[in-house]
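Quick look at work-v9.txt (compact mmCIF, C-alpha atoms):
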```
# COMPACT_ATOMS: atom_id res chain seq x y z
CA MET I 1 -18.92 -10.37 14.81
CA THR I 2 -21.13 -13.49 14.89
CA ARG I 3 -23.91 -11.63 13.16
CA ARG I 4 -21.50 -10.45 10.49
CA ILE I 5 -20.41 -14.01 9.79
CA VAL I 6 -24.00 -15.23 9.58
CA VAL I 7 -24.83 -12.53 7.04
CA LYS I 8 -21.71 -13.34 5.02
CA GLU I 9 -22.67 -17.01 4.97
CA LYS I 10 -26.13 -16.12 3.70
CA VAL I 11 -24.68 -13.96 0.94
CA LEU I 12 -22.30 -16.74 -0.09
CA LYS I 13 -25.13 -19.30 -0.09
CA GLU I 14 -27.17 -17.13 -2.44
CA ASN I 15 -24.06 -16.65 -4.56
CA ASP I 16 -23.53 -20.41 -4.76
CA ARG I 17 -27.14 -20.93 -5.87
CA ILE I 18 -26.70 -18.52 -8.79
CA ALA I 19 -23.25 -19.94 -9.60
CA ALA I 20 -24.83 -23.40 -9.87
CA GLU I 21 -27.37 -22.01 -12.37
CA ILE I 22 -24.58 -20.49 -14.47
CA ARG I 23 -22.58 -23.73 -14.32
CA GLN I 24 -25.61 -25.73 -15.48
CA GLN I 25 -26.37 -23.29 -18.29
CA LEU I 26 -22.78 -23.39 -19.58
CA SER I 27 -22.45 -27.15 -19.17
CA ASP I 28 -25.64 -27.72 -21.18
CA ARG I 29 -23.93 -25.90 -24.03
CA GLY I 30 -20.55 -27.56 -23.50
CA ILE I 31 -18.86 -24.21 -22.83
CA LEU I 32 -15.64 -24.19 -20.82
CA ALA I 33 -15.70 -21.37 -18.24
CA LEU I 34 -12.47 -19.99 -16.78
CA ASN I 35 -12.33 -17.46 -13.95
CA LEU I 36 -9.15 -15.37 -14.34
CA VAL I 37 -7.82 -13.96 -11.08
CA SER I 38 -4.67 -12.05 -10.11
CA SER I 39 -3.26 -8.88 -8.57
CA PRO I 40 -3.94 -5.68 -10.48
CA GLY I 41 -1.54 -5.46 -13.41
CA SER I 42 -0.40 -9.09 -13.63
CA GLY I 43 -1.64 -9.29 -17.20
CA LYS I 44 -5.11 -10.85 -17.27
CA THR I 45 -6.19 -8.55 -20.09
CA SER I 46 -2.87 -8.98 -21.91
CA LEU I 47 -3.22 -12.77 -21.80
CA LEU I 48 -6.75 -12.50 -23.18
CA GLU I 49 -5.67 -10.05 -25.91
CA ARG I 50 -2.98 -12.48 -27.09
CA THR I 51 -5.30 -15.45 -26.84
CA PHE I 52 -8.01 -13.72 -28.89
CA GLN I 53 -5.50 -12.63 -31.53
CA ASP I 54 -3.78 -16.00 -31.83
CA MET I 55 -6.76 -18.34 -31.45
CA LYS I 56 -9.20 -16.44 -33.65
CA GLY I 57 -10.64 -18.92 -36.11
CA HIS I 58 -9.65 -21.85 -33.89
CA LEU I 59 -11.79 -21.30 -30.83
CA LYS I 60 -14.97 -19.28 -30.38
CA MET I 61 -14.43 -17.31 -27.20
CA ALA I 62 -16.43 -14.84 -25.13
CA VAL I 63 -15.41 -12.72 -22.16
CA VAL I 64 -17.00 -10.83 -19.30
CA ALA I 65 -14.46 -8.34 -18.00
CA GLY I 66 -14.82 -7.00 -14.48
CA ASP I 67 -13.30 -3.83 -13.07
CA VAL I 68 -13.96 -1.63 -10.07
CA GLN I 69 -14.16 1.37 -12.39
CA THR I 70 -13.77 2.00 -16.15
CA GLU I 71 -14.51 -0.33 -19.07
CA ASN I 72 -10.86 -0.13 -20.20
CA ASP I 73 -10.34 -3.89 -20.26
CA ALA I 74 -13.42 -4.61 -22.35
CA ARG I 75 -12.35 -1.87 -24.82
CA ARG I 76 -8.85 -3.36 -25.09
CA LEU I 77 -10.31 -6.79 -25.82
CA GLU I 78 -12.60 -5.43 -28.50
CA ALA I 79 -9.60 -3.72 -30.09
CA ALA I 80 -7.88 -7.12 -30.08
CA GLY I 81 -10.71 -8.55 -32.16
CA ALA I 82 -12.94 -10.02 -29.47
CA THR I 83 -16.57 -9.62 -30.47
CA LEU I 84 -18.35 -11.29 -27.56
CA VAL I 85 -17.33 -8.96 -24.74
CA ARG I 86 -19.34 -7.60 -21.81
CA PRO I 87 -17.87 -5.24 -19.22
CA ILE I 88 -18.88 -5.40 -15.57
CA VAL I 89 -18.15 -2.29 -13.51
CA THR I 90 -18.46 -3.31 -9.88
CA GLY I 91 -18.57 0.31 -8.71
CA GLY I 92 -16.39 -0.28 -5.67
CA ALA I 93 -16.87 -3.99 -4.97
CA CYS I 94 -13.57 -5.85 -4.65
CA HIS I 95 -14.66 -9.00 -6.51
CA LEU I 96 -17.18 -10.27 -9.05
CA ASP I 97 -20.11 -12.25 -7.71
CA ALA I 98 -22.30 -14.75 -9.53
CA ARG I 99 -25.21 -12.30 -9.87
CA MET I 100 -23.03 -9.81 -11.77
CA VAL I 101 -21.85 -12.56 -14.10
CA GLN I 102 -25.38 -13.86 -14.66
CA ASN I 103 -26.57 -10.36 -15.57
CA ALA I 104 -23.64 -9.87 -17.95
CA LEU I 105 -24.29 -13.22 -19.63
CA THR I 106 -27.84 -12.25 -20.57
CA GLY I 107 -26.32 -9.72 -22.97
CA LEU I 108 -24.04 -12.25 -24.68
CA ASP I 109 -24.95 -14.53 -27.59
CA LEU I 110 -23.25 -17.73 -26.46
CA GLY I 111 -24.50 -19.59 -29.57
CA ALA I 112 -21.42 -21.36 -30.95
CA CYS I 113 -19.21 -20.29 -28.05
CA GLU I 114 -16.65 -22.81 -26.78
CA VAL I 115 -14.83 -20.89 -24.06
CA LEU I 116 -16.07 -18.19 -21.67
CA PHE I 117 -13.42 -16.17 -19.86
CA ILE I 118 -14.47 -14.31 -16.73
CA GLU I 119 -11.87 -11.65 -16.02
CA ASN I 120 -12.18 -10.89 -12.32
CA VAL I 121 -11.30 -7.69 -10.46
CA GLY I 122 -7.56 -7.37 -9.80
CA ASN I 123 -7.35 -8.67 -6.23
CA LEU I 124 -5.54 -11.75 -4.88
CA VAL I 125 -7.75 -12.10 -1.80
CA CYS I 126 -11.52 -11.56 -2.03
CA PRO I 127 -12.31 -13.16 -5.44
CA SER I 128 -11.10 -16.52 -4.07
CA SER I 129 -14.31 -16.81 -1.98
CA TYR I 130 -16.81 -16.33 -4.80
CA ASP I 131 -17.83 -19.17 -7.10
CA LEU I 132 -18.87 -17.69 -10.46
CA GLY I 133 -20.00 -20.96 -12.03
CA GLU I 134 -16.59 -21.52 -13.62
CA ASP I 135 -15.02 -24.90 -14.35
CA MET I 136 -11.66 -23.68 -13.11
CA LYS I 137 -9.89 -20.67 -11.67
CA VAL I 138 -6.77 -19.57 -13.55
CA VAL I 139 -4.47 -17.49 -11.35
CA LEU I 140 -1.91 -15.19 -12.96
CA LEU I 141 1.27 -14.02 -11.28
CA SER I 142 3.85 -11.81 -12.91
CA THR I 143 7.59 -12.10 -12.36
CA THR I 144 7.73 -8.52 -11.06
CA GLU I 145 5.49 -9.34 -8.06
CA GLY I 146 7.78 -11.63 -6.06
CA ASP I 147 7.94 -15.42 -5.97
CA ASP I 148 6.51 -15.76 -2.46
CA LYS I 149 2.98 -14.75 -3.47
CA PRO I 150 1.56 -18.32 -3.38
CA LEU I 151 2.60 -18.53 0.29
CA LYS I 152 1.26 -15.09 1.16
CA TYR I 153 -2.10 -15.51 -0.60
CA PRO I 154 -2.62 -19.28 -0.25
CA ALA I 155 -6.43 -19.42 -0.62
CA MET I 156 -6.29 -18.22 -4.21
CA PHE I 157 -3.54 -20.61 -5.24
CA ARG I 158 -5.22 -23.50 -3.43
CA ARG I 159 -8.51 -22.94 -5.27
CA ALA I 160 -6.95 -22.43 -8.70
CA SER I 161 -6.38 -25.26 -11.18
CA VAL I 162 -3.95 -23.36 -13.38
CA MET I 163 -1.20 -20.84 -12.65
CA VAL I 164 0.14 -18.66 -15.45
CA VAL I 165 3.44 -16.94 -14.65
CA ASN I 166 3.54 -13.85 -16.88
CA LYS I 167 6.29 -11.34 -17.82
CA THR I 168 9.05 -13.94 -18.16
CA ASP I 169 10.80 -11.35 -20.38
CA LEU I 170 11.50 -9.42 -17.16
CA LEU I 171 13.23 -12.31 -15.40
CA GLY I 172 16.64 -11.12 -14.23
CA HIS I 173 15.33 -7.64 -13.46
CA SER I 174 14.30 -8.74 -9.97
CA ASP I 175 15.04 -11.55 -7.52
CA PHE I 176 12.09 -13.56 -8.83
CA ASP I 177 13.10 -17.18 -9.32
CA LEU I 178 11.04 -19.57 -11.46
CA GLU I 179 12.16 -22.65 -9.55
CA ARG I 180 11.18 -21.02 -6.29
CA VAL I 181 7.73 -19.91 -7.45
CA ARG I 182 7.02 -23.42 -8.76
CA LYS I 183 8.09 -24.87 -5.43
CA HIS I 184 5.97 -22.41 -3.43
CA ALA I 185 2.95 -22.93 -5.67
CA ARG I 186 3.16 -26.74 -5.51
CA GLN I 187 3.62 -26.53 -1.75
CA ILE I 188 0.17 -24.89 -1.58
CA ASN I 189 -1.41 -26.91 -4.39
CA GLY I 190 0.24 -30.01 -5.79
CA GLN I 191 -2.27 -30.27 -8.64
CA LEU I 192 -1.56 -26.87 -10.23
CA GLU I 193 -0.98 -26.83 -13.98
CA ILE I 194 1.75 -24.23 -14.55
CA PHE I 195 2.51 -22.14 -17.65
CA GLU I 196 5.28 -19.60 -18.03
CA VAL I 197 4.69 -16.90 -20.61
CA SER I 198 5.50 -13.41 -21.75
CA CYS I 199 2.36 -11.89 -23.20
CA ARG I 200 4.36 -8.86 -24.30
CA MET I 201 6.93 -10.88 -26.28
CA GLY I 202 4.55 -13.69 -27.23
CA GLU I 203 6.70 -16.35 -25.58
CA GLY I 204 5.55 -19.62 -24.04
CA LEU I 205 1.97 -19.23 -25.21
CA ARG I 206 1.84 -22.40 -27.37
CA ALA I 207 1.57 -24.65 -24.30
CA TRP I 208 -1.25 -22.47 -22.90
CA TYR I 209 -3.15 -22.62 -26.21
CA ASP I 210 -2.72 -26.41 -26.43
CA TRP I 211 -4.03 -26.80 -22.91
CA LEU I 212 -6.93 -24.44 -23.63
CA ASN I 213 -7.88 -26.34 -26.79
CA ALA I 214 -7.76 -29.67 -25.00
CA ALA I 215 -9.79 -28.40 -22.03
CA ALA I 216 -12.43 -26.88 -24.35
CA LYS I 217 -12.65 -30.10 -26.32
CA ALA I 218 -13.01 -32.18 -23.15
CA LYS I 219 -15.83 -29.93 -21.92
CA HIS I 220 -17.57 -30.08 -25.28
CA ASP I 221 -17.27 -33.86 -25.53
CA LYS I 222 -18.68 -34.27 -22.04
CA ARG I 223 -21.90 -32.62 -23.19
CA VAL I 224 -22.37 -34.90 -26.19
CA MET E 1 -28.57 -6.68 1.18
CA THR E 2 -29.81 -3.90 3.47
CA ARG E 3 -28.95 -5.97 6.52
CA ARG E 4 -25.48 -6.61 5.15
CA ILE E 5 -24.90 -2.89 4.69
CA VAL E 6 -26.13 -2.10 8.19
CA VAL E 7 -23.74 -4.67 9.67
CA LYS E 8 -20.87 -3.31 7.58
CA GLU E 9 -21.62 0.22 8.80
CA LYS E 10 -21.56 -0.99 12.40
CA VAL E 11 -18.21 -2.71 11.86
CA LEU E 12 -16.78 0.44 10.25
CA LYS E 13 -18.10 2.62 13.09
CA GLU E 14 -16.35 0.41 15.66
CA ASN E 15 -13.22 0.51 13.50
CA ASP E 16 -13.33 4.32 13.41
CA ARG E 17 -13.62 4.47 17.18
CA ILE E 18 -10.45 2.39 17.64
CA ALA E 19 -8.68 4.31 14.85
CA ALA E 20 -9.41 7.55 16.70
CA GLU E 21 -7.81 6.09 19.85
CA ILE E 22 -4.70 5.11 17.89
CA ARG E 23 -4.55 8.55 16.27
CA GLN E 24 -4.77 10.24 19.67
CA GLN E 25 -2.12 7.98 21.17
CA LEU E 26 0.32 8.63 18.32
CA SER E 27 -0.41 12.35 18.18
CA ASP E 28 0.26 12.69 21.91
CA ARG E 29 3.74 11.35 21.22
CA GLY E 30 4.21 13.36 18.01
CA ILE E 31 4.62 10.21 15.92
CA LEU E 32 3.88 10.41 12.19
CA ALA E 33 1.81 7.39 11.08
CA LEU E 34 1.75 6.32 7.43
CA ASN E 35 -0.53 3.58 6.07
CA LEU E 36 1.22 1.94 3.07
CA VAL E 37 -1.18 0.44 0.53
CA SER E 38 -0.74 -1.14 -2.92
CA SER E 39 -1.28 -4.22 -5.05
CA PRO E 40 0.67 -7.30 -4.00
CA GLY E 41 4.25 -6.98 -5.20
CA SER E 42 4.38 -3.23 -5.86
CA GLY E 43 7.24 -2.88 -3.41
CA LYS E 44 5.90 -1.78 -0.02
CA THR E 45 8.43 -3.94 1.80
CA SER E 46 11.22 -2.94 -0.59
CA LEU E 47 10.54 0.76 0.02
CA LEU E 48 10.63 0.16 3.77
CA GLU E 49 13.83 -1.91 3.55
CA ARG E 50 15.55 0.93 1.68
CA THR E 51 14.15 3.56 4.02
CA PHE E 52 15.32 1.68 7.10
CA GLN E 53 18.79 1.14 5.64
CA ASP E 54 19.26 4.71 4.44
CA MET E 55 17.57 6.62 7.27
CA LYS E 56 19.00 4.62 10.16
CA GLY E 57 20.49 7.10 12.61
CA HIS E 58 18.41 9.95 11.13
CA LEU E 59 14.87 8.89 12.00
CA LYS E 60 13.59 6.46 14.60
CA MET E 61 11.08 4.30 12.77
CA ALA E 62 8.76 1.44 13.69
CA VAL E 63 6.62 -0.77 11.49
CA VAL E 64 3.65 -3.09 11.77
CA ALA E 65 3.65 -5.34 8.73
CA GLY E 66 0.41 -7.03 7.66
CA ASP E 67 0.04 -10.09 5.48
CA VAL E 68 -2.70 -12.61 4.80
CA GLN E 69 -0.25 -15.40 5.58
CA THR E 70 3.46 -15.64 6.50
CA GLU E 71 5.61 -13.19 8.44
CA ASN E 72 7.97 -12.83 5.46
CA ASP E 73 7.73 -9.04 5.32
CA ALA E 74 8.51 -8.55 9.00
CA ARG E 75 11.50 -10.90 8.65
CA ARG E 76 12.79 -8.97 5.63
CA LEU E 77 12.54 -5.71 7.55
CA GLU E 78 14.40 -7.10 10.52
CA ALA E 79 17.13 -8.29 8.17
CA ALA E 80 17.29 -4.71 6.85
CA GLY E 81 18.07 -3.48 10.36
CA ALA E 82 14.61 -2.53 11.59
CA THR E 83 14.32 -3.30 15.29
CA LEU E 84 10.79 -2.12 16.03
CA VAL E 85 8.81 -4.52 13.86
CA ARG E 86 5.58 -6.35 14.57
CA PRO E 87 3.99 -8.72 12.06
CA ILE E 88 0.21 -9.02 11.69
CA VAL E 89 -1.05 -12.17 10.01
CA THR E 90 -4.68 -11.53 9.06
CA GLY E 91 -5.34 -15.21 8.43
CA GLY E 92 -7.47 -14.61 5.36
CA ALA E 93 -8.74 -11.07 5.87
CA CYS E 94 -8.13 -8.84 2.87
CA HIS E 95 -7.18 -5.71 4.82
CA LEU E 96 -5.87 -4.54 8.18
CA ASP E 97 -8.37 -3.07 10.60
CA ALA E 98 -7.76 -0.71 13.50
CA ARG E 99 -8.15 -3.45 16.12
CA MET E 100 -5.32 -5.50 14.57
CA VAL E 101 -3.08 -2.42 14.54
CA GLN E 102 -3.98 -1.55 18.13
CA ASN E 103 -3.10 -5.07 19.26
CA ALA E 104 0.20 -4.97 17.36
CA LEU E 105 1.12 -1.60 18.86
CA THR E 106 0.86 -2.93 22.43
CA GLY E 107 3.93 -5.03 21.66
CA LEU E 108 6.01 -2.10 20.37
CA ASP E 109 8.11 0.28 22.45
CA LEU E 110 7.27 3.57 20.76
CA GLY E 111 9.49 5.51 23.19
CA ALA E 112 11.62 7.78 20.99
CA CYS E 113 9.83 6.73 17.78
CA GLU E 114 9.24 9.45 15.17
CA VAL E 115 7.57 7.53 12.33
CA LEU E 116 5.26 4.52 12.39
CA PHE E 117 4.76 2.68 9.10
CA ILE E 118 1.71 0.44 8.79
CA GLU E 119 2.29 -1.92 5.87
CA ASN E 120 -1.16 -3.02 4.77
CA VAL E 121 -2.18 -6.24 3.00
CA GLY E 122 -1.45 -6.15 -0.75
CA ASN E 123 -4.86 -5.13 -2.11
CA LEU E 124 -5.86 -1.98 -4.00
CA VAL E 125 -9.54 -2.19 -3.03
CA CYS E 126 -10.55 -3.17 0.50
CA PRO E 127 -7.88 -1.39 2.59
CA SER E 128 -9.14 1.95 1.27
CA SER E 129 -12.24 1.66 3.53
CA TYR E 130 -10.44 1.13 6.84
CA ASP E 131 -9.01 4.01 8.85
CA LEU E 132 -6.06 2.71 10.89
CA GLY E 133 -5.42 5.92 12.79
CA GLU E 134 -2.82 7.04 10.26
CA ASP E 135 -2.01 10.63 9.36
CA MET E 136 -1.85 9.74 5.68
CA LYS E 137 -2.18 6.88 3.26
CA VAL E 138 0.79 6.33 0.94
CA VAL E 139 -0.20 4.37 -2.18
CA LEU E 140 2.48 2.55 -4.17
CA LEU E 141 2.18 1.66 -7.83
CA SER E 142 4.87 -0.08 -9.83
CA THR E 143 5.63 0.63 -13.48
CA THR E 144 4.91 -2.99 -14.39
CA GLU E 145 1.25 -2.73 -13.33
CA GLY E 146 -0.11 -0.36 -15.96
CA ASP E 147 -0.59 3.39 -15.84
CA ASP E 148 -4.40 3.27 -15.73
CA LYS E 149 -4.56 1.91 -12.18
CA PRO E 150 -5.59 5.26 -10.59
CA LEU E 151 -8.66 5.28 -12.86
CA LYS E 152 -9.51 1.63 -12.22
CA TYR E 153 -9.09 1.78 -8.42
CA PRO E 154 -10.07 5.40 -7.75
CA ALA E 155 -11.08 5.10 -4.06
CA MET E 156 -7.55 4.25 -3.00
CA PHE E 157 -5.93 7.04 -4.98
CA ARG E 158 -8.56 9.53 -3.81
CA ARG E 159 -7.92 8.72 -0.14
CA ALA E 160 -4.13 8.72 -0.40
CA SER E 161 -1.99 11.80 0.22
CA VAL E 162 1.14 10.41 -1.43
CA MET E 163 1.74 8.20 -4.46
CA VAL E 164 5.08 6.44 -4.88
CA VAL E 165 5.70 5.09 -8.38
CA ASN E 166 8.19 2.24 -7.94
CA LYS E 167 10.34 0.19 -10.37
CA THR E 168 11.31 3.13 -12.58
CA ASP E 169 14.29 0.98 -13.64
CA LEU E 170 11.79 -1.14 -15.62
CA LEU E 171 10.39 1.80 -17.62
CA GLY E 172 10.66 0.96 -21.29
CA HIS E 173 9.91 -2.73 -20.67
CA SER E 174 6.18 -2.06 -20.86
CA ASP E 175 3.81 0.59 -22.20
CA PHE E 176 3.74 2.33 -18.82
CA ASP E 177 4.08 6.08 -19.26
CA LEU E 178 5.07 8.37 -16.36
CA GLU E 179 3.31 11.38 -17.82
CA ARG E 180 0.12 9.36 -18.23
CA VAL E 181 0.14 7.94 -14.71
CA ARG E 182 0.68 11.43 -13.26
CA LYS E 183 -2.23 12.72 -15.34
CA HIS E 184 -4.52 9.85 -14.31
CA ALA E 185 -3.56 10.18 -10.64
CA ARG E 186 -4.10 13.94 -10.57
CA GLN E 187 -7.41 13.48 -12.37
CA ILE E 188 -8.57 11.42 -9.37
CA ASN E 189 -6.76 13.45 -6.71
CA GLY E 190 -5.27 16.85 -7.49
CA GLN E 191 -3.53 17.03 -4.09
CA LEU E 192 -1.38 13.90 -4.47
CA GLU E 193 2.29 14.26 -3.65
CA ILE E 194 4.11 12.08 -6.21
CA PHE E 195 7.51 10.37 -5.98
CA GLU E 196 9.16 8.24 -8.64
CA VAL E 197 11.68 5.72 -7.39
CA SER E 198 13.47 2.47 -8.03
CA CYS E 199 13.90 0.69 -4.71
CA ARG E 200 15.99 -1.95 -6.45
CA MET E 201 18.47 0.52 -7.96
CA GLY E 202 18.18 3.09 -5.17
CA GLU E 203 17.07 5.85 -7.51
CA GLY E 204 14.83 8.81 -6.72
CA LEU E 205 14.72 8.07 -3.01
CA ARG E 206 16.28 11.35 -1.85
CA ALA E 207 13.06 13.28 -2.49
CA TRP E 208 11.05 10.66 -0.57
CA TYR E 209 13.44 10.86 2.39
CA ASP E 210 13.30 14.67 2.39
CA TRP E 211 9.53 14.60 2.38
CA LEU E 212 9.49 11.96 5.16
CA ASN E 213 11.86 14.00 7.33
CA ALA E 214 9.82 17.15 6.84
CA ALA E 215 6.52 15.38 7.55
CA ALA E 216 7.94 13.75 10.71
CA LYS E 217 9.30 17.09 11.90
CA ALA E 218 5.96 18.82 11.26
CA LYS E 219 4.13 16.15 13.25
CA HIS E 220 6.62 16.37 16.10
CA ASP E 221 6.48 20.18 16.23
CA LYS E 222 2.70 20.10 16.34
CA ARG E 223 2.84 18.18 19.58
CA VAL E 224 5.20 20.60 21.27
```
Is it possible to give me this structure as structure tokens?
Amino acid sequence: MTRRIVVKEKVLKENDRIAAEIRQQLSDRGILALNLVSSPGSGKTSLLERTFQDMKGHLKMAVVAGDVQTENDARRLEAAGATLVRPIVTGGACHLDARMVQNALTGLDLGACEVLFIENVGNLVCPSSYDLGEDMKVVLLSTTEGDDKPLKYPAMFRRASVMVVNKTDLLGHSDFDLERVRKHARQINGQLEIFEVSCRMGEGLRAWYDWLNAAAKAKHDKRV
Amino acid sequence: MTRRIVVKEKVLKENDRIAAEIRQQLSDRGILALNLVSSPGSGKTSLLERTFQDMKGHLKMAVVAGDVQTENDARRLEAAGATLVRPIVTGGACHLDARMVQNALTGLDLGACEVLFIENVGNLVCPSSYDLGEDMKVVLLSTTEGDDKPLKYPAMFRRASVMVVNKTDLLGHSDFDLERVRKHARQINGQLEIFEVSCRMGEGLRAWYDWLNAAAKAKHDKRV
């Protein structure tokens, strides 16, 4: 067991070294990097599809889209009009690591890019341990998953800066309670910025776009 | 990397040894053991709540309920009338392992027990690698998660014997298509037994109960 922990620490140290390189590279260019994490099926790709459709012409965005298998997410994003997209197929690994992201970035022209989205593997546990060089983690949670998830998977919600509650159009079809999820989330992380949206119906997205614009501008201004 | 793999193999070998002990112990008593796996929020606990309520008096069931944090699931099951319940809090680990299950079982009186449910951590990736001494893995998938999940998380669907599609009451609220999910699942695993249920509305559960009864009887008869 001790040996296992030592090896894991070594792997994480190497990961942190590469993550720092990515962070430096993106900061030099003033690019905001967001690491999107959630359970499978919470709507990471749906949120990105909407964001690409609605913010086209306003923000120059790129995405690296991770999945255990298939390039489905990257294909969906291209269909939504995203041009700077790179898939990462982890081939079994339960999370993205910084090396995978660094390799994917070499294939992307980040020229005038303002925001880089890193869509992680659908998993509320393991991705919380891996720094990918992002500025912030954005955790998604859908109303069909239960409002106790922040308590049951605290590491992810503690390390995130933003929580997006998706599928608000399905409120009332389960016992999910918005007040309760806000309370549970803030109990774990009092600093969380919270948005409530329905990607399917296009509701509540204005506040997310405003925040995104402001965060991208702040990152860009910091470079200058 | 090589060293990491070697250590992982050693850990898995030790896990398999304990899993074999559990399997022997349960088989000696003719107890059917099912390892329930899914994303967070697919409805593992809801399926068990329903099953305990509806099969009380017909089947003697026990459950060990794993979570990263909180004993919420075990509490919910006790409220549903389950008496043989043991929580496992993994404290950060992304999956149950055989040692955790073995420890939990020492606290359970399996006397006249016919079925043992092992409710795994909500995670479609990591739990697929850990044998817990079960007879079969039962993978849950809810209609709100997207019908391409069997393709994106193939290891889990390949290693499962049963797939339960939950939240059929929400069909029509997303692009989820039952025909498509069946096709994708069978593409990965042609042997999958498939049930379609709504735990919330109590629909489609009869077929699941019939299967459960038959599987428990088969396991019991094998012992005799």
Which of these residues is nearest to Arg29 in chain E, using only C-alpha atoms: E:Leu110, E:Leu105, E:Met55, E:Ala98?
-> E:Leu110
Within 7 Å of range 145-166 of chain I, which residues of range 35-109 of chain E come that close, and what is the closest atom pair and distance in Å for each? Count all atoms listed in the file and give it as a tab-separated table.
```
residue	atom	partner	partner_atom	distance
E:Pro40	CA	I:Glu145	CA	6.6
E:Gly41	CA	I:Glu145	CA	3.9
E:Ser42	CA	I:Glu145	CA	6.6
E:Asp67	CA	I:Lys152	CA	6.7
E:Val68	CA	I:Lys152	CA	5.9
E:Gln69	CA	I:Lys152	CA	4.7
E:Thr70	CA	I:Lys152	CA	5.8
```
For chain E, which residue among I:Lys167, I:His184, I:Lys219, I:His58 is the nearest when counting only C-alpha atoms?
-> I:Lys167
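Coordinates place CA of Arg76 in chain I at a distance of 7.7 Å from CA of Thr45 in chain I.
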Can you pull out every residue within 9 Å of range 203-212 of chain I, counting all atoms listed in the file, but drop anything in the same chain fewer than 3 positions away, and send it as a PDB file with C-alpha atoms, in the frame of the given file?
```pdb
ATOM      1  CA  LEU I  47      -3.220 -12.770 -21.800  1.00  0.00           C
ATOM      2  CA  ARG I  50      -2.980 -12.480 -27.090  1.00  0.00           C
ATOM      3  CA  THR I  51      -5.300 -15.450 -26.840  1.00  0.00           C
ATOM      4  CA  ASP I  54      -3.780 -16.000 -31.830  1.00  0.00           C
ATOM      5  CA  MET I  55      -6.760 -18.340 -31.450  1.00  0.00           C
ATOM      6  CA  VAL I 115     -14.830 -20.890 -24.060  1.00  0.00           C
ATOM      7  CA  VAL I 164       0.140 -18.660 -15.450  1.00  0.00           C
ATOM      8  CA  THR I 168       9.050 -13.940 -18.160  1.00  0.00           C
ATOM      9  CA  ASP I 169      10.800 -11.350 -20.380  1.00  0.00           C
ATOM     10  CA  PHE I 195       2.510 -22.140 -17.650  1.00  0.00           C
ATOM     11  CA  GLU I 196       5.280 -19.600 -18.030  1.00  0.00           C
ATOM     12  CA  VAL I 197       4.690 -16.900 -20.610  1.00  0.00           C
ATOM     13  CA  SER I 198       5.500 -13.410 -21.750  1.00  0.00           C
ATOM     14  CA  CYS I 199       2.360 -11.890 -23.200  1.00  0.00           C
ATOM     15  CA  ARG I 200       4.360  -8.860 -24.300  1.00  0.00           C
ATOM     16  CA  ALA I 215      -9.790 -28.400 -22.030  1.00  0.00           C
ATOM     17  CA  ALA I 216     -12.430 -26.880 -24.350  1.00  0.00           C
ATOM     18  CA  LYS I 217     -12.650 -30.100 -26.320  1.00  0.00           C
TER      19      LYS I 217
END
```
Residue contacts of range 13-16 of chain E (9 Å, all atoms listed in the file) excluding same-chain residues fewer than 3 positions away, as a list in words = Lys8, Glu9, Lys10, Ala19, Ala20, Glu21, Asp97, Ala98, Arg99, Tyr130, Asp131, Leu132 and Gly133 of chain E
As lines of an AutoDock Vina configuration file, please: the centre and edge lengths in Å, to one decimal, of an axis-aligned box enclosing every listed atom of range 29-39 of chain E with 4 Å added on each side.
```
center_x = 1.7
center_y = 4.6
center_z = 8.1
size_x = 13.9
size_y = 25.6
size_z = 34.3
```
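Proximity to chain I was assessed for E:Arg180, E:Lys222, E:Arg86, E:Lys44 counting only C-alpha atoms; the smallest distance is recorded for E:Lys44.
Distance check against chain E using all atoms listed in the file: of I:Met136, I:Val125, I:Ala79, I:Leu96, the minimum falls on I:Val125.
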Hey, what's within 12 Å of Asp221 in chain E if we count all atoms listed in the file and toss same-chain stuff fewer than 6 positions away? As a VMD selection string, please?
-> chain E and resid 27 to 32 114 214 to 215
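The spacing separating CA of Leu77 in chain I from CA of Ile194 in chain I amounts to 24.0 Å.
If you measure from each of I:Leu141, I:Cys113, I:Ala33, I:Leu26 to chain E using all atoms listed in the file, the closest one turns out to be I:Leu141.
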Atom-to-atom span, CA of Gln102 in chain I and CA of Gln24 in chain I, Å = 11.9 Å
6 Å contact set for Glu119 in chain I, only C-alpha atoms, chain neighbours under 4 positions out, as a compact mmCIF listing (two decimals) with C-alpha atoms, keeping the file's coordinate frame:
```
# COMPACT_ATOMS: atom_id res chain seq x y z
CA LEU I 36 -9.15 -15.37 -14.34
CA ALA I 65 -14.46 -8.34 -18.00
CA GLY I 66 -14.82 -7.00 -14.48
```
